[in-house]
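In what follows, a structure is listed as structure tokens, so that the remarks can point back to it.
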Amino acid sequence: MMKAKTNAFDSLNPSQRRAVTFGTLVPDKGVSAGPMLILAGAGTGKTNTVAHRTAHLVLNGVDPARILMLTFTRRAAQEMIRRTQGIVAEVMSDRGKAGDRSVTSRLLWSGTFHSVGNRILRLYAKHLGLGPNFTVLDRADAADLMDVVRHELGFSTKDKRFPRKDACLAIYSYRVNTRLSLKQTLEEQFPWCMEWEADLTRLYREYVGRKQKNRVLDFDDLLLYWHVMMQNPVLAQSLSKNFDHVLVDEYQDISTLQGEVIQALKPDGKGVTVVGDDAQAIYSFRAAAVENILGFADRYKPKAEIVVLAQNYRSTQQILDTANALMADGARQHRKTLLATRQSNQKTLYVAMDDAVAQAEYITGKILQTREVGGSLKRHAILFRSSHHSDVLEVELTKKNIPFVKYGGLKFLEAAHVKDMMSVLRWVDNPHNSVAGFRVLKLVPGFGPGHAKQALDYFEAQNFSIKSLAAFDAPQPVKMDWKRFCAMLERLADPSTPWPGQVGLVRDWYKPQLERIYDAAFTRTGDLEQLETLSTQHASRERFLTELTLDPPVVTSDQSGASSKDEDYVILSTIHSAKGQEWDIVYVLNVSDGNFPSEFSTGKPEMIEEERRLLYVAMTRARNELHLCAPLKYQVTQQARDGDKHVYGAKSRFMTDRVLDSCERISLRNLRGVENLREAESTTVDVVAQLKEMW
């Protein structure tokens, strides 16, 4: 008998359906809805629910172009659009109609906060004192510009240690995104910089002015300018009227600045749907504010609707029992109890062992056992609080020939040769961008920092005219190289030169510079070919530069190690990097006080609660097995290689009786060196009497 075809919405559980269909259907106007918070616990089908919500809006008459969807990665936005398209097409097919494939093309306003902010600023540029051709600096270029200003103000020659460029940029970014004063920022996050408050104020004022002069914005400006724009009632209303519905994903991870932008966009909350889980708020070091999600409902009158998704489709109930017990002891939160669709006889394992070596031996032994019965290595993930926690384990994995991949590596746009190519395009696109110009000029044969500075000063005196560069008095030995360089720039700057092929022009000029400047030029050439391929996916130079800056590829051949020949490998990852992932078997390293919670977080109750949430995220990555590893001893750093100084780790304060009751406890005490002696003779010796006779 044929199984009856089900509707795309039939797979939703009651809570998901309530979230998806929230609001009132209005004939010819779509869906009218007030503010809603979808509290989506770990593994409860958040992405599926949001996609169905979007499809519900579209199918009931909401224009896709009037839906603003904000996510934290471009891939998340693309996945949401893909799923929405599939749902709409399925429902239309059930209704006997052809699927509306234009939904994808009409969901125009979906992307990250920064990419959407970039588009909005270009549309409203003339109202914000911006030129529409402004350049977006990546983090590295922003730090370089900060360093230039820092040096010009004389802060690099201070008698006492002054914050380096990356620290200065981190302070600036944290202050912007948290909306705290500089003094509060320094007190809370950078206390060692407190004495430099006045100098940092000078630095940041000059940095802002230099960006305006160069017609560039950094990442934080994309949100800051948008925020300032929303404080103007006319501009705020002008933007708001373009959107009927605003959907925000991962709401627990947004900053105070982002929260205020959303609030200003829809002050009454009409059409606002936010999705997140306060129990997974673990990014305060990136200025994320958990208060956004904790206080969301009370921000509106009447209060926002709250829909809790607690049906977990990932983990067994035994694993969830441990995670639920952990969060039950937490302070202020949206309380929820996750319920699984699967049961198991295997409880969470809490494994106590002597030290990091025993921990490594336990994990590698378990992994090899699983492999021998046909299990894939990729089923295993080993998660840790800090990257160095896996050092001993990595040695043991290598010794036992177990391949592994550890999350991290050099990002594509951080590779020197890729930055060189991108800088040429950025400088042509925005001649005021002196950071890019200075880097590019130093690539010309015979040009050092001195000649590059002279050329930049000449260029500025000629009102930033690309054609004027050819008249600059270049050193005699390199005049022909200078002539070829200027000809290349003029072709790129000519409006009649089509965008397709421009990256090829730069690559042809840059190839001899690459071979002259860098070792292993051949291995780096692949990145430049990849850059040219990526350029064909964008309609213009501005879109290419902006999209690649806001959402760069990760892989690069610059200084890369040998590629793994194994198709199967174990995953090693920090917990922060593992968020959103899942594996069959998860091992969590060093579950003891000082690591969970981290010793650097124990001074503030709110930071301890974030550490609790971090452990919760680690636990809820597991599908079938969860191993919490708790070594007793930790080696002291900064001692001789054969030294044996160590400290004892206390039981994690998070492993309360309630949490431990949900676990199966295992103690693997190291018995190496202990001998079992047999009783030789049935003879007794009066040791005490002999000792007394010594005195």
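Residues in the structure tokens are numbered from 1 in each chain, the chains being A, B, ... in the order shown, and ligands are numbered from 1 in the order shown.
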
Alpha helix (DSSP H) residues, from DSSP on the backbone, in segment 310-340 of chain A, as a list in words: Gln317, Gln318, Ile319, Leu320, Asp321, Thr322, Ala323, Asn324, Ala325, Leu326, Met327 and Ala328 of chain A

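Using only C-alpha atoms, the contacts of Gly23 of chain A at a cut-off of 12 Å, with sequence neighbours closer than 2 positions omitted, comprise Arg17, Arg18, Ala19, Val20, Thr21, Leu25, Val26, Gly30, Val31, Ser32, Ala33, Gly34, Pro35, Met36, Arg53, His56, Leu57, Asn60, His245, Lys270, Gly271, Val272, Thr273, Ala304 and Glu305 of chain A.
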
Residue nearest Thr370 of chain A among A:Leu239, A:Val570, A:Val444, A:Ala76 (counting only C-alpha atoms):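 Closest residue, counting only C-alpha atoms: A:Val570.
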
Two-atom distance - atom CA of Leu70 of chain A, atom CA of Asp268 of chain A (Å): 18.5 Å

Thr135 of chain A surroundings by only C-alpha atoms, 7 Å radius, close-in-sequence under 2 positions cut, as a PyMOL selection string: chain A and resi 133+137+215-217+430

Let's have the selection written as an mmCIF file, in the first residue's frame, with C-alpha atoms.
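Written file, result-v1.cif:
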data_model
loop_
_atom_site.group_PDB
_atom_site.id
_atom_site.type_symbol
_atom_site.label_atom_id
_atom_site.label_comp_id
_atom_site.auth_asym_id
_atom_site.auth_seq_id
_atom_site.Cartn_x
_atom_site.Cartn_y
_atom_site.Cartn_z
ATOM 1 C CA ASN A 133 32.612 53.974 -3.256
ATOM 2 C CA LEU A 137 38.943 47.424 5.668
ATOM 3 C CA ARG A 215 37.180 57.088 2.680
ATOM 4 C CA VAL A 216 37.341 53.710 4.377
ATOM 5 C CA LEU A 217 35.234 51.967 7.016
ATOM 6 C CA ASN A 430 39.249 53.880 -3.716
#

One-decimal distance in Å that lies between atom CA of Arg83 of chain A and atom CA of Asn118 of chain A: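 Distance reported for this atom pair: 25.2 Å.
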
Surrounding residues of Arg299 of chain A excluding itself and chain neighbours under 5 positions, 12 Å, only C-alpha atoms, as number ranges by chain: A: 35-37, 259-260, 262-264, 266-269, 291-294, 304-305

Could you write out that same residue set with all heavy atoms as a compact mmCIF listing (two decimals), in the first residue's frame?
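Output contents, as saved in result02.txt:
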# COMPACT_ATOMS: atom_id res chain seq x y z
N PRO A 35 6.03 40.96 18.14
CA PRO A 35 7.36 40.40 18.39
C PRO A 35 7.28 38.98 18.94
O PRO A 35 6.38 38.66 19.72
CB PRO A 35 7.96 41.37 19.41
CG PRO A 35 6.78 41.98 20.11
CD PRO A 35 5.71 42.08 19.07
N MET A 36 8.20 38.15 18.53
CA MET A 36 8.23 36.75 19.00
C MET A 36 9.68 36.33 19.24
O MET A 36 10.57 36.61 18.44
CB MET A 36 7.59 35.82 17.98
CG MET A 36 7.73 34.33 18.34
SD MET A 36 6.84 33.17 17.28
CE MET A 36 7.52 33.56 15.66
N LEU A 37 9.88 35.63 20.36
CA LEU A 37 11.17 35.03 20.68
C LEU A 37 11.02 33.52 20.61
O LEU A 37 10.20 32.93 21.33
CB LEU A 37 11.61 35.43 22.09
CG LEU A 37 12.77 34.65 22.72
CD1 LEU A 37 14.04 34.78 21.89
CD2 LEU A 37 13.02 35.11 24.16
N GLY A 259 21.69 44.87 18.93
CA GLY A 259 20.37 44.85 19.54
C GLY A 259 19.67 46.19 19.42
O GLY A 259 18.46 46.26 19.17
N GLU A 260 20.42 47.28 19.60
CA GLU A 260 19.82 48.61 19.49
C GLU A 260 19.43 48.95 18.06
O GLU A 260 18.46 49.67 17.82
CB GLU A 260 20.79 49.66 20.05
CG GLU A 260 20.97 49.55 21.56
CD GLU A 260 21.93 50.61 22.12
OE1 GLU A 260 22.44 51.43 21.32
OE2 GLU A 260 22.16 50.60 23.34
N ILE A 262 18.28 46.72 15.84
CA ILE A 262 17.01 46.02 15.62
C ILE A 262 15.87 46.74 16.33
O ILE A 262 14.78 46.90 15.78
CB ILE A 262 17.11 44.57 16.13
CG1 ILE A 262 18.19 43.81 15.37
CG2 ILE A 262 15.77 43.85 15.99
CD1 ILE A 262 17.97 43.74 13.88
N GLN A 263 16.13 47.19 17.55
CA GLN A 263 15.10 47.90 18.31
C GLN A 263 14.68 49.18 17.59
O GLN A 263 13.49 49.50 17.50
CB GLN A 263 15.66 48.24 19.70
CG GLN A 263 14.71 49.04 20.60
CD GLN A 263 13.61 48.19 21.18
OE1 GLN A 263 13.71 46.97 21.16
NE2 GLN A 263 12.56 48.83 21.69
N ALA A 264 15.64 49.91 17.04
CA ALA A 264 15.33 51.16 16.34
C ALA A 264 14.65 50.90 15.01
O ALA A 264 13.85 51.72 14.54
CB ALA A 264 16.61 51.97 16.12
N LYS A 266 12.46 48.46 14.33
CA LYS A 266 11.05 48.15 14.60
C LYS A 266 10.76 48.40 16.09
O LYS A 266 10.70 47.47 16.89
CB LYS A 266 10.74 46.69 14.24
CG LYS A 266 10.86 46.35 12.75
CD LYS A 266 9.71 46.97 11.96
CE LYS A 266 9.79 46.59 10.49
NZ LYS A 266 8.71 47.23 9.70
N PRO A 267 10.58 49.67 16.48
CA PRO A 267 10.42 49.98 17.91
C PRO A 267 9.22 49.29 18.56
O PRO A 267 9.27 48.96 19.75
CB PRO A 267 10.23 51.51 17.92
CG PRO A 267 10.81 51.98 16.63
CD PRO A 267 10.57 50.89 15.65
N ASP A 268 8.15 49.07 17.78
CA ASP A 268 6.98 48.41 18.35
C ASP A 268 7.07 46.89 18.26
O ASP A 268 6.19 46.17 18.75
CB ASP A 268 5.71 48.88 17.64
CG ASP A 268 5.73 48.64 16.13
OD1 ASP A 268 6.74 48.09 15.63
OD2 ASP A 268 4.74 48.99 15.46
N GLY A 269 8.12 46.38 17.63
CA GLY A 269 8.31 44.94 17.52
C GLY A 269 7.47 44.27 16.46
O GLY A 269 7.51 43.05 16.31
N GLU A 291 22.12 39.64 27.73
CA GLU A 291 20.95 40.38 28.20
C GLU A 291 19.97 40.67 27.06
O GLU A 291 18.77 40.85 27.29
CB GLU A 291 21.39 41.69 28.87
CG GLU A 291 20.27 42.46 29.56
CD GLU A 291 19.54 41.64 30.60
OE1 GLU A 291 20.19 40.87 31.33
OE2 GLU A 291 18.29 41.78 30.67
N ASN A 292 20.47 40.71 25.82
CA ASN A 292 19.58 40.94 24.69
C ASN A 292 18.46 39.91 24.64
O ASN A 292 17.30 40.25 24.43
CB ASN A 292 20.37 40.91 23.37
CG ASN A 292 21.11 42.20 23.10
OD1 ASN A 292 20.57 43.29 23.28
ND2 ASN A 292 22.36 42.10 22.70
N ILE A 293 18.83 38.64 24.82
CA ILE A 293 17.82 37.59 24.73
C ILE A 293 17.07 37.41 26.05
O ILE A 293 15.88 37.10 26.06
CB ILE A 293 18.46 36.25 24.27
CG1 ILE A 293 17.37 35.24 23.87
CG2 ILE A 293 19.40 35.68 25.29
CD1 ILE A 293 17.91 34.02 23.13
N LEU A 294 17.76 37.64 27.17
CA LEU A 294 17.09 37.50 28.46
C LEU A 294 16.02 38.58 28.66
O LEU A 294 14.99 38.34 29.28
CB LEU A 294 18.11 37.56 29.60
CG LEU A 294 19.09 36.38 29.70
CD1 LEU A 294 20.10 36.62 30.81
CD2 LEU A 294 18.34 35.08 29.92
N ALA A 304 6.55 40.35 24.36
CA ALA A 304 6.72 39.51 23.17
C ALA A 304 6.29 38.09 23.48
O ALA A 304 6.40 37.60 24.61
CB ALA A 304 8.17 39.54 22.72
N GLU A 305 5.77 37.42 22.46
CA GLU A 305 5.42 36.01 22.57
C GLU A 305 6.71 35.19 22.69
O GLU A 305 7.70 35.44 21.99
CB GLU A 305 4.65 35.58 21.32
CG GLU A 305 4.14 34.16 21.35
CD GLU A 305 2.83 34.02 22.12
OE1 GLU A 305 2.32 35.07 22.59
OE2 GLU A 305 2.33 32.89 22.24

Nearest to Ser115 of chain A, chosen from A:Leu626, A:Leu186, A:Ile367, A:Leu548, with only C-alpha atoms counted in the distances: A:Leu548

Shell of 7 Å around segment 489-491 of chain A, only C-alpha atoms, local chain residues under 3 positions omitted, as a PyMOL selection string: chain A and resi 428+466-467+485-486+494+497

Nearby residues (only C-alpha atoms) at most 8 Å from Arg175 of chain A, same-chain spacing under 6 positions excluded, as a PDB file with C-alpha atoms, in the first residue's frame:
ATOM      1  CA  SER A 181      32.487  54.138  27.789  1.00  0.00           C
ATOM      2  CA  LEU A 182      36.199  53.759  27.165  1.00  0.00           C
ATOM      3  CA  THR A 185      35.819  49.031  28.718  1.00  0.00           C
TER       4      THR A 185
END

Which of segment 404-632 of chain A fall in strand (DSSP E), as a ChimeraX atom specification: /A:404-406,570-574,583-588,622-631

Using only C-alpha atoms, which protein or nucleic acid residues come within 12 Å of Arg106 of chain A? Drop anything in the same chain fewer than 5 positions from it, and give the result as a PDB file with N, CA, C and O atoms, in the first residue's frame.
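That gives us around.pdb:
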ATOM      1  N   VAL A  58       5.872  33.702   3.120  1.00  0.00           N
ATOM      2  CA  VAL A  58       5.841  33.849   1.664  1.00  0.00           C
ATOM      3  C   VAL A  58       4.567  33.243   1.080  1.00  0.00           C
ATOM      4  O   VAL A  58       3.908  33.840   0.217  1.00  0.00           O
ATOM      5  N   VAL A  62       3.271  37.419   1.912  1.00  0.00           N
ATOM      6  CA  VAL A  62       4.312  38.395   2.238  1.00  0.00           C
ATOM      7  C   VAL A  62       5.325  38.426   1.095  1.00  0.00           C
ATOM      8  O   VAL A  62       5.822  37.382   0.668  1.00  0.00           O
ATOM      9  N   ASP A  63       5.635  39.602   0.599  1.00  0.00           N
ATOM     10  CA  ASP A  63       6.615  39.763  -0.476  1.00  0.00           C
ATOM     11  C   ASP A  63       8.002  39.386   0.059  1.00  0.00           C
ATOM     12  O   ASP A  63       8.466  39.975   1.036  1.00  0.00           O
ATOM     13  N   PRO A  64       8.670  38.385  -0.556  1.00  0.00           N
ATOM     14  CA  PRO A  64      10.003  37.987  -0.059  1.00  0.00           C
ATOM     15  C   PRO A  64      10.984  39.157   0.016  1.00  0.00           C
ATOM     16  O   PRO A  64      11.872  39.168   0.876  1.00  0.00           O
ATOM     17  N   ALA A  65      10.821  40.139  -0.873  1.00  0.00           N
ATOM     18  CA  ALA A  65      11.725  41.285  -0.884  1.00  0.00           C
ATOM     19  C   ALA A  65      11.523  42.178   0.336  1.00  0.00           C
ATOM     20  O   ALA A  65      12.345  43.061   0.600  1.00  0.00           O
ATOM     21  N   ARG A  66      10.427  41.960   1.070  1.00  0.00           N
ATOM     22  CA  ARG A  66      10.150  42.776   2.254  1.00  0.00           C
ATOM     23  C   ARG A  66      10.423  42.006   3.552  1.00  0.00           C
ATOM     24  O   ARG A  66       9.946  42.368   4.604  1.00  0.00           O
ATOM     25  N   ILE A  67      11.186  40.923   3.417  1.00  0.00           N
ATOM     26  CA  ILE A  67      11.626  40.150   4.586  1.00  0.00           C
ATOM     27  C   ILE A  67      13.122  40.394   4.777  1.00  0.00           C
ATOM     28  O   ILE A  67      13.924  40.158   3.874  1.00  0.00           O
ATOM     29  N   LEU A  68      13.504  40.880   5.955  1.00  0.00           N
ATOM     30  CA  LEU A  68      14.912  41.079   6.303  1.00  0.00           C
ATOM     31  C   LEU A  68      15.338  39.919   7.199  1.00  0.00           C
ATOM     32  O   LEU A  68      14.765  39.709   8.266  1.00  0.00           O
ATOM     33  N   ILE A  81      17.770  30.186   2.911  1.00  0.00           N
ATOM     34  CA  ILE A  81      17.085  30.438   1.636  1.00  0.00           C
ATOM     35  C   ILE A  81      16.831  29.124   0.903  1.00  0.00           C
ATOM     36  O   ILE A  81      15.749  28.897   0.355  1.00  0.00           O
ATOM     37  N   THR A  84      14.003  27.271   2.596  1.00  0.00           N
ATOM     38  CA  THR A  84      12.740  27.978   2.352  1.00  0.00           C
ATOM     39  C   THR A  84      12.238  27.699   0.942  1.00  0.00           C
ATOM     40  O   THR A  84      11.050  27.424   0.726  1.00  0.00           O
ATOM     41  N   GLN A  85      13.147  27.785  -0.024  1.00  0.00           N
ATOM     42  CA  GLN A  85      12.778  27.518  -1.415  1.00  0.00           C
ATOM     43  C   GLN A  85      12.211  26.110  -1.568  1.00  0.00           C
ATOM     44  O   GLN A  85      11.200  25.895  -2.242  1.00  0.00           O
ATOM     45  N   ASP A 100       7.425  28.078  -7.198  1.00  0.00           N
ATOM     46  CA  ASP A 100       7.821  29.462  -7.485  1.00  0.00           C
ATOM     47  C   ASP A 100       9.318  29.617  -7.253  1.00  0.00           C
ATOM     48  O   ASP A 100       9.768  29.912  -6.158  1.00  0.00           O
ATOM     49  N   ARG A 101      10.110  29.429  -8.300  1.00  0.00           N
ATOM     50  CA  ARG A 101      11.565  29.495  -8.177  1.00  0.00           C
ATOM     51  C   ARG A 101      12.083  30.909  -7.982  1.00  0.00           C
ATOM     52  O   ARG A 101      13.263  31.110  -7.755  1.00  0.00           O
TER      53      ARG A 101
END

Two-atom distance - atom CA of Pro631 of chain A, atom CA of Arg665 of chain A (Å):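 We find that atom CA of Pro631 of chain A and atom CA of Arg665 of chain A lie 13.2 Å from each other.
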
Nearest residue to Ala167 of chain A from the set A:Leu339, A:Ala622, A:Ala236, A:Cys193 (distances using only C-alpha atoms):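 Counting only C-alpha atoms, the residue closest to Ala167 of chain A is A:Cys193.
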
Counting only C-alpha atoms, the residue of A:Glu625, A:Asp481, A:Glu195, A:Glu372 that sits nearest Val586 of chain A: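 Once distances to Val586 of chain A are computed over only C-alpha atoms, the minimum belongs to A:Glu625.
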
Residue among A:Val357, A:Tyr313, A:Ser573, A:Phe113 lying closest to Tyr407 of chain A, counting only C-alpha atoms: A:Ser573

Residue among A:Leu326, A:Leu589, A:Leu123, A:Ala471 lying closest to Asp657 of chain A, counting only C-alpha atoms: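 Using only C-alpha atoms, the shortest distance to Asp657 of chain A belongs to A:Leu326.
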